[in-house]
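Below is the file run.tsv, which contains TSV, C-alpha atoms.
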```
chain	number	residue	atom	x	y	z
A	234	MET	CA	15.74	-10.14	-8.94
A	235	ILE	CA	19.25	-11.61	-9.39
A	236	LEU	CA	20.41	-8.51	-11.21
A	237	LEU	CA	19.06	-6.08	-8.60
A	238	GLY	CA	20.50	-8.22	-5.81
A	239	ALA	CA	23.91	-8.23	-7.46
A	240	LYS	CA	23.80	-4.48	-7.99
A	241	TYR	CA	22.99	-3.92	-4.33
A	242	LEU	CA	25.71	-6.26	-3.10
A	243	THR	CA	28.35	-4.60	-5.29
A	244	THR	CA	27.42	-1.08	-4.17
A	245	SER	CA	26.90	-1.83	-0.47
A	246	GLU	CA	29.83	-2.60	1.81
A	247	ALA	CA	27.98	-4.73	4.35
A	248	GLY	CA	24.35	-5.03	3.19
A	249	LYS	CA	22.76	-8.49	3.33
A	250	VAL	CA	20.27	-9.97	0.87
A	251	LEU	CA	17.68	-12.70	1.44
A	252	VAL	CA	15.89	-14.39	-1.46
A	253	ILE	CA	12.93	-16.68	-0.80
A	254	ASP	CA	11.71	-18.76	-3.73
A	255	THR	CA	8.41	-20.64	-3.45
A	256	GLU	CA	8.14	-21.93	-7.04
A	257	MET	CA	11.37	-23.37	-8.44
A	258	ALA	CA	13.02	-26.70	-7.74
A	259	GLU	CA	16.29	-26.80	-5.79
A	260	TYR	CA	18.42	-27.16	-8.93
A	261	TYR	CA	17.15	-23.89	-10.44
A	262	VAL	CA	17.36	-22.01	-7.16
A	263	HIS	CA	20.95	-23.12	-6.78
A	264	ARG	CA	21.69	-22.12	-10.38
A	265	ASN	CA	20.39	-18.61	-9.69
A	266	LEU	CA	22.59	-18.38	-6.62
A	267	VAL	CA	25.64	-19.37	-8.66
A	268	ARG	CA	24.75	-16.72	-11.25
A	269	LEU	CA	24.54	-14.08	-8.56
A	270	HIS	CA	27.94	-15.09	-7.20
A	271	LYS	CA	29.39	-14.73	-10.69
A	272	LEU	CA	27.92	-11.26	-11.11
A	273	VAL	CA	29.23	-10.06	-7.75
A	274	GLY	CA	32.64	-11.67	-8.28
A	275	TRP	CA	32.41	-14.15	-5.39
A	276	PRO	CA	33.76	-17.73	-5.55
A	277	GLU	CA	31.11	-19.96	-7.10
A	278	ASN	CA	31.77	-22.89	-4.74
A	279	GLU	CA	31.55	-21.00	-1.43
A	280	ASN	CA	28.63	-19.52	0.48
A	281	ASN	CA	28.79	-15.88	1.50
A	282	GLU	CA	27.16	-14.63	4.71
A	283	ARG	CA	25.83	-11.55	2.91
A	284	MET	CA	23.67	-13.64	0.60
A	285	THR	CA	21.01	-16.16	1.62
A	286	MET	CA	18.74	-17.96	-0.82
A	287	LEU	CA	15.97	-20.22	0.50
A	288	GLN	CA	13.77	-22.69	-1.38
A	289	PHE	CA	10.25	-23.24	0.02
A	290	ARG	CA	8.64	-25.12	-2.88
A	291	GLU	CA	8.00	-28.42	-1.09
A	292	MET	CA	6.63	-26.84	2.10
A	293	SER	CA	2.97	-26.52	3.00
A	294	THR	CA	1.49	-23.04	2.76
A	295	ASP	CA	1.38	-22.62	6.55
A	296	LYS	CA	5.00	-23.77	6.81
A	297	ARG	CA	6.09	-21.29	4.13
A	298	PHE	CA	4.49	-18.44	6.05
A	299	GLU	CA	6.18	-19.55	9.27
A	300	MET	CA	9.59	-19.96	7.62
A	301	PHE	CA	9.30	-16.59	5.87
A	302	THR	CA	9.06	-14.92	9.28
A	303	ARG	CA	11.78	-17.08	10.80
A	304	ALA	CA	14.16	-16.41	7.90
A	305	ILE	CA	13.99	-12.64	8.34
A	306	GLU	CA	14.29	-12.94	12.13
A	307	THR	CA	17.30	-15.25	11.77
A	308	PHE	CA	19.29	-13.68	8.93
A	309	LYS	CA	18.30	-10.03	9.56
A	310	PRO	CA	18.70	-9.01	5.90
A	311	ASP	CA	18.62	-5.48	4.53
A	312	LEU	CA	16.84	-6.50	1.34
A	313	VAL	CA	14.34	-9.34	0.92
A	314	PHE	CA	12.84	-10.82	-2.25
A	315	ILE	CA	9.79	-13.11	-2.06
A	316	ASP	CA	9.18	-14.97	-5.32
A	317	GLY	CA	6.23	-15.46	-5.15
A	318	VAL	CA	4.36	-13.98	-2.24
A	319	ARG	CA	1.08	-15.55	-3.41
A	320	ASP	CA	2.31	-18.95	-2.14
A	321	LEU	CA	2.40	-17.73	1.47
A	322	ILE	CA	-1.41	-17.95	1.69
A	323	VAL	CA	-3.88	-20.59	0.46
A	324	ASN	CA	-6.41	-18.27	-1.21
A	325	PHE	CA	-5.28	-14.90	-2.55
A	326	ASN	CA	-8.91	-13.69	-2.43
A	327	ASP	CA	-9.23	-14.46	1.29
A	328	ILE	CA	-9.51	-11.06	3.00
A	329	ASP	CA	-8.50	-12.25	6.48
A	330	ALA	CA	-5.49	-14.24	5.21
A	331	THR	CA	-4.39	-11.29	3.06
A	332	VAL	CA	-4.56	-8.87	6.00
A	333	THR	CA	-2.60	-11.28	8.20
A	334	LEU	CA	0.17	-11.67	5.60
A	335	ILE	CA	0.49	-7.97	4.78
A	336	ASP	CA	0.44	-7.02	8.47
A	337	GLU	CA	3.32	-9.45	9.00
A	338	ILE	CA	5.28	-8.05	6.04
A	339	MET	CA	4.89	-4.52	7.40
A	340	ARG	CA	5.79	-5.61	10.93
A	341	LEU	CA	8.95	-7.38	9.79
A	342	SER	CA	10.06	-4.51	7.55
A	343	ASN	CA	9.69	-2.07	10.45
A	344	VAL	CA	11.16	-4.23	13.24
A	345	TYR	CA	14.17	-5.37	11.17
A	346	GLN	CA	14.44	-2.19	9.09
A	347	CYS	CA	14.56	-4.07	5.79
A	348	HIS	CA	13.16	-3.53	2.32
A	349	ILE	CA	10.79	-6.33	1.28
A	350	CYS	CA	10.15	-6.83	-2.43
A	351	SER	CA	7.23	-9.17	-3.22
A	352	ILE	CA	6.79	-10.68	-6.68
A	353	ILE	CA	3.26	-11.43	-7.88
A	354	HIS	CA	1.79	-12.10	-11.33
A	355	GLU	CA	-0.81	-9.98	-13.10
A	356	ASN	CA	-4.19	-11.07	-14.40
A	357	LYS	CA	-3.74	-11.72	-18.11
A	358	ASN	CA	-6.99	-10.02	-19.15
A	359	ASP	CA	-6.54	-6.58	-17.55
A	360	ASN	CA	-2.95	-6.41	-16.17
A	361	THR	CA	-4.20	-5.92	-12.60
A	362	LEU	CA	-2.48	-7.73	-9.75
A	363	ARG	CA	-3.98	-11.08	-8.86
A	364	GLY	CA	-6.69	-11.31	-6.24
A	365	HIS	CA	-7.38	-9.36	-3.08
A	366	LEU	CA	-3.74	-9.99	-2.14
A	367	GLY	CA	-2.51	-8.14	-5.23
A	368	THR	CA	-4.86	-5.21	-4.59
A	369	GLU	CA	-3.80	-4.83	-0.96
A	370	LEU	CA	-0.10	-5.25	-1.73
A	371	GLN	CA	-0.41	-2.40	-4.20
A	372	ASN	CA	-2.23	-0.27	-1.64
A	373	LYS	CA	0.51	-0.79	0.95
A	374	SER	CA	3.56	-0.68	-1.32
A	375	GLU	CA	5.98	2.20	-1.59
A	376	THR	CA	6.62	1.33	-5.24
A	377	VAL	CA	5.06	-1.06	-7.76
A	378	ILE	CA	7.35	-2.12	-10.61
A	379	ALA	CA	5.83	-3.48	-13.82
A	380	VAL	CA	7.98	-5.72	-16.03
A	381	ARG	CA	7.20	-6.09	-19.73
A	382	GLN	CA	8.96	-8.04	-22.46
A	383	THR	CA	10.22	-5.82	-25.28
A	384	GLU	CA	11.86	-6.74	-28.58
A	385	GLY	CA	13.64	-10.06	-28.79
A	386	SER	CA	14.52	-11.40	-25.38
A	387	MET	CA	14.84	-8.06	-23.61
A	388	SER	CA	12.51	-6.88	-20.84
A	389	ILE	CA	11.82	-3.43	-19.48
A	390	ALA	CA	11.05	-2.46	-15.87
A	391	MET	CA	9.02	0.67	-15.22
A	392	PRO	CA	7.26	2.35	-12.29
A	393	ALA	CA	3.56	1.42	-12.29
A	394	MET	CA	2.92	3.27	-9.02
A	395	THR	CA	5.15	5.05	-6.53
A	396	ARG	CA	4.63	7.25	-3.48
A	397	ASN	CA	7.82	9.17	-4.28
A	398	PHE	CA	9.63	10.26	-7.42
A	399	PRO	CA	9.45	7.52	-10.09
A	400	PHE	CA	12.68	5.83	-11.12
A	401	ASP	CA	13.88	5.80	-14.73
A	402	LYS	CA	12.83	2.84	-16.86
A	403	PHE	CA	15.56	0.28	-17.46
A	404	GLU	CA	15.99	-2.69	-19.79
A	405	PHE	CA	17.66	-5.97	-19.00
A	406	GLY	CA	18.34	-9.35	-20.57
A	407	PHE	CA	20.50	-12.51	-20.36
A	408	ASN	CA	23.80	-12.99	-22.14
A	409	SER	CA	25.07	-16.16	-23.83
A	410	GLU	CA	26.30	-17.49	-20.48
A	411	GLY	CA	22.86	-17.11	-18.92
A	412	LEU	CA	23.90	-14.11	-16.82
A	413	PRO	CA	21.47	-11.18	-16.56
A	414	TYR	CA	22.66	-7.71	-17.48
A	415	PHE	CA	21.42	-4.13	-17.66
A	416	ARG	CA	21.31	-2.56	-21.11
A	417	ASP	CA	23.54	0.54	-21.20
A	418	TYR	CA	24.44	0.02	-17.55
A	419	ALA	CA	28.04	-0.27	-16.44
A	420	ILE	CA	29.95	-0.50	-13.17
A	421	ALA	CA	33.66	-0.21	-13.82
A	422	GLU	CA	34.73	-2.50	-10.96
A	423	HIS	CA	32.09	-5.11	-11.84
A	424	PRO	CA	32.09	-5.57	-15.64
A	425	ASN	CA	29.93	-8.71	-15.40
A	426	LEU	CA	26.93	-6.49	-14.71
A	427	ASN	CA	27.10	-5.10	-18.25
A	428	GLN	CA	27.11	-7.98	-20.75
A	429	SER	CA	25.42	-9.02	-24.02
A	430	VAL	CA	21.74	-10.09	-24.52
A	431	ALA	CA	18.54	-12.05	-23.54
A	432	VAL	CA	15.64	-12.44	-20.88
A	433	SER	CA	12.05	-12.70	-19.75
A	434	VAL	CA	10.70	-12.02	-16.24
A	435	THR	CA	7.63	-12.23	-14.02
A	436	ASP	CA	4.81	-9.82	-14.79
A	437	HIS	CA	4.87	-7.67	-11.71
A	438	THR	CA	7.23	-6.88	-8.88
A	439	ILE	CA	5.91	-5.11	-5.82
A	440	SER	CA	8.28	-3.43	-3.43
A	441	LYS	CA	7.23	-2.73	0.17
A	442	ARG	CA	9.47	-0.68	2.46
A	443	GLU	CA	8.44	0.49	5.96
A	444	ARG	CA	10.86	2.98	7.48
A	445	GLU	CA	9.88	5.64	9.95
A	446	GLU	CA	12.37	8.43	9.53
A	447	GLU	CA	10.36	11.60	9.97
A	448	GLU	CA	13.14	14.05	9.23
A	449	THR	CA	14.97	12.56	6.23
A	450	LYS	CA	12.44	10.25	4.41
A	451	THR	CA	15.19	8.64	2.40
A	452	GLU	CA	14.59	5.20	0.92
A	453	GLU	CA	17.42	2.69	1.12
A	454	THR	CA	17.76	-0.08	-1.42
A	455	ASN	CA	18.46	-3.52	-0.09
A	456	LEU	CA	18.90	-6.98	-1.53
A	457	PHE	CA	19.19	-10.54	-0.50
A	458	ALA	CA	19.95	-14.12	-1.47
A	459	ASN	CA	21.02	-17.48	-0.06
A	460	ILE	CA	19.66	-21.06	0.14
A	461	ASN	CA	17.24	-23.97	1.00
A	462	GLY	CA	14.31	-25.08	3.19
A	463	GLU	CA	14.59	-25.17	6.96
A	464	GLN	CA	17.34	-22.56	7.16
A	465	GLN	CA	19.79	-25.02	5.63
A	466	GLN	CA	21.94	-23.60	2.86
A	467	LEU	CA	22.11	-25.44	-0.44
A	468	PRO	CA	25.54	-27.03	-0.92
A	469	PHE	CA	27.57	-25.90	-3.90
```
Could you quickly redo this structure as structure tokens?
Amino acid sequence: MILLGAKYLTTSEAGKVLVIDTEMAEYYVHRNLVRLHKLVGWPENENNERMTMLQFREMSTDKRFEMFTRAIETFKPDLVFIDGVRDLIVNFNDIDATVTLIDEIMRLSNVYQCHICSIIHENKNDNTLRGHLGTELQNKSETVIAVRQTEGSMSIAMPAMTRNFPFDKFEFGFNSEGLPYFRDYAIAEHPNLNQSVAVSVTDHTISKREREEEETKTEETNLFANINGEQQQLPF
């Protein structure tokens, strides 16, 4: 998530990224934001309007759902990451709650013309996405990305399902400074995106993108990141 967000921010002149984390404590969310700033080459002690990272861990489920909508309406990002989308509803097997959430994701992606990437774990016994929510997210997604740990501390991302041409598999890890990097991936102007070794990641990443462009059906890549609860950025 951090690595893809950094790649987008370094290749887009004005694109904005929003990251919503529902699981980690404030310290770890802030640490990820600092890592992203390092990768992009931004000052580590200053916020940047192109990157918003929000932490929803302490909120109730209903409040998370409300703030998810408000965050997109307020920041109007091009790329959104939700880690993890399962925490926006009480029961991931509840059909009505699942439909309500997915309808809202599709509405927001269309109204604000943004790419929404939802992260959800797999069932350990059969590698299927968890619950009715996972099934319906897969049904509605443009692309489903599976992440698997390979040798050592490397992980590989591969297309599990896509409505268009599948992307090439890629490996990534963390270097000795804790910064993520792509294996065999280099951007001349941003050398930090191509560093040494190490990582492990969530089991499944689902990307949902609703754009209605009948003539050109081109998919844009967007990313996001910034900070804390009620639309208040985490201080550096």
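Using all atoms listed in the file, the contacts of Phe403 in chain A at a cut-off of 8 Å, with sequence neighbours closer than 5 positions omitted, comprise Ile389, Ala390, Met391, Phe415 and Arg416 of chain A.
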Checklist entry - Could you state the separation of CA of Ser293 in chain A and CA of Arg319 in chain A in Å, given to one decimal place? => result 12.8 Å
Item to check | 9 Å contact set for Glu291 in chain A, only C-alpha atoms, chain neighbours under 3 positions out, as a ChimeraX atom specification | outcome: /A:255-256,258,288,462
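For the set A:Ile353, A:Ile338, A:Ala239, A:Met394, the residue with the smallest atom-to-atom gap to Ile305 in chain A is A:Ile338, counting only C-alpha atoms.
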Item to check | Test item: residues at most 7 Å from His365 in chain A, all atoms listed in the file, excluding those fewer than 4 positions along its chain, as an MDAnalysis selection string | outcome: chainID A and resid 325:328 369
Checklist entry - Any idea what the distance is between CA of Ile378 in chain A and CA of Thr243 in chain A? => result 21.8 Å
Checklist entry - Please, what distance in Å, to one decimal, runs between CA of Leu312 in chain A and CA of Lys402 in chain A? => result 20.8 Å
Checklist entry - Which residue gives the smallest distance to Tyr414 in chain A among A:Val273, A:Val318, A:Val252, A:Arg283, with all atoms listed in the file counted? => result A:Val273
Next on the checklist: Can you pull out the residues contacting Asp254 in chain A? Cut-off 12 Å, using only C-alpha atoms, and skip same-chain residues under 2 positions away; I want them as a VMD selection string.
Outcome noted: chain A and resid 234 to 235 251 to 252 256 to 263 265 to 266 285 to 292 297 300 to 301 313 to 321 351 to 353 457 to 462
Shell of 10 Å around Arg396 in chain A, all atoms listed in the file, local chain residues under 5 positions omitted, as a compact mmCIF listing (two decimals) with C-alpha atoms, in the frame of the given file:
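Listing of out.txt after writing:
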```
# COMPACT_ATOMS: atom_id res chain seq x y z
CA SER A 374 3.56 -0.68 -1.32
CA GLU A 375 5.98 2.20 -1.59
CA THR A 376 6.62 1.33 -5.24
CA VAL A 377 5.06 -1.06 -7.76
```
Next on the checklist: Show me the residues around (7.5, -4.1, 7.0) - criterion: an atom at most 12 Å away, all atoms listed in the file counted - as a PyMOL selection string.
Outcome noted: chain A and resi 302+305+311-313+334-351+370+373-375+440-445
Checklist outcome for this item: Shortest contact to Thr383 in chain A, candidates A:Pro399, A:Gly364, A:Ala330, A:Phe405, atoms counted all atoms listed in the file, goes to A:Phe405
May I have the centre and edge lengths, in Å to one decimal, of an axis-aligned box around the listed atoms of range 339-343 of chain A with 4 Å added to every side, as lines of an AutoDock Vina configuration file?
```
center_x = 7.5
center_y = -4.7
center_z = 9.2
size_x = 13.2
size_y = 13.3
size_z = 11.5
```
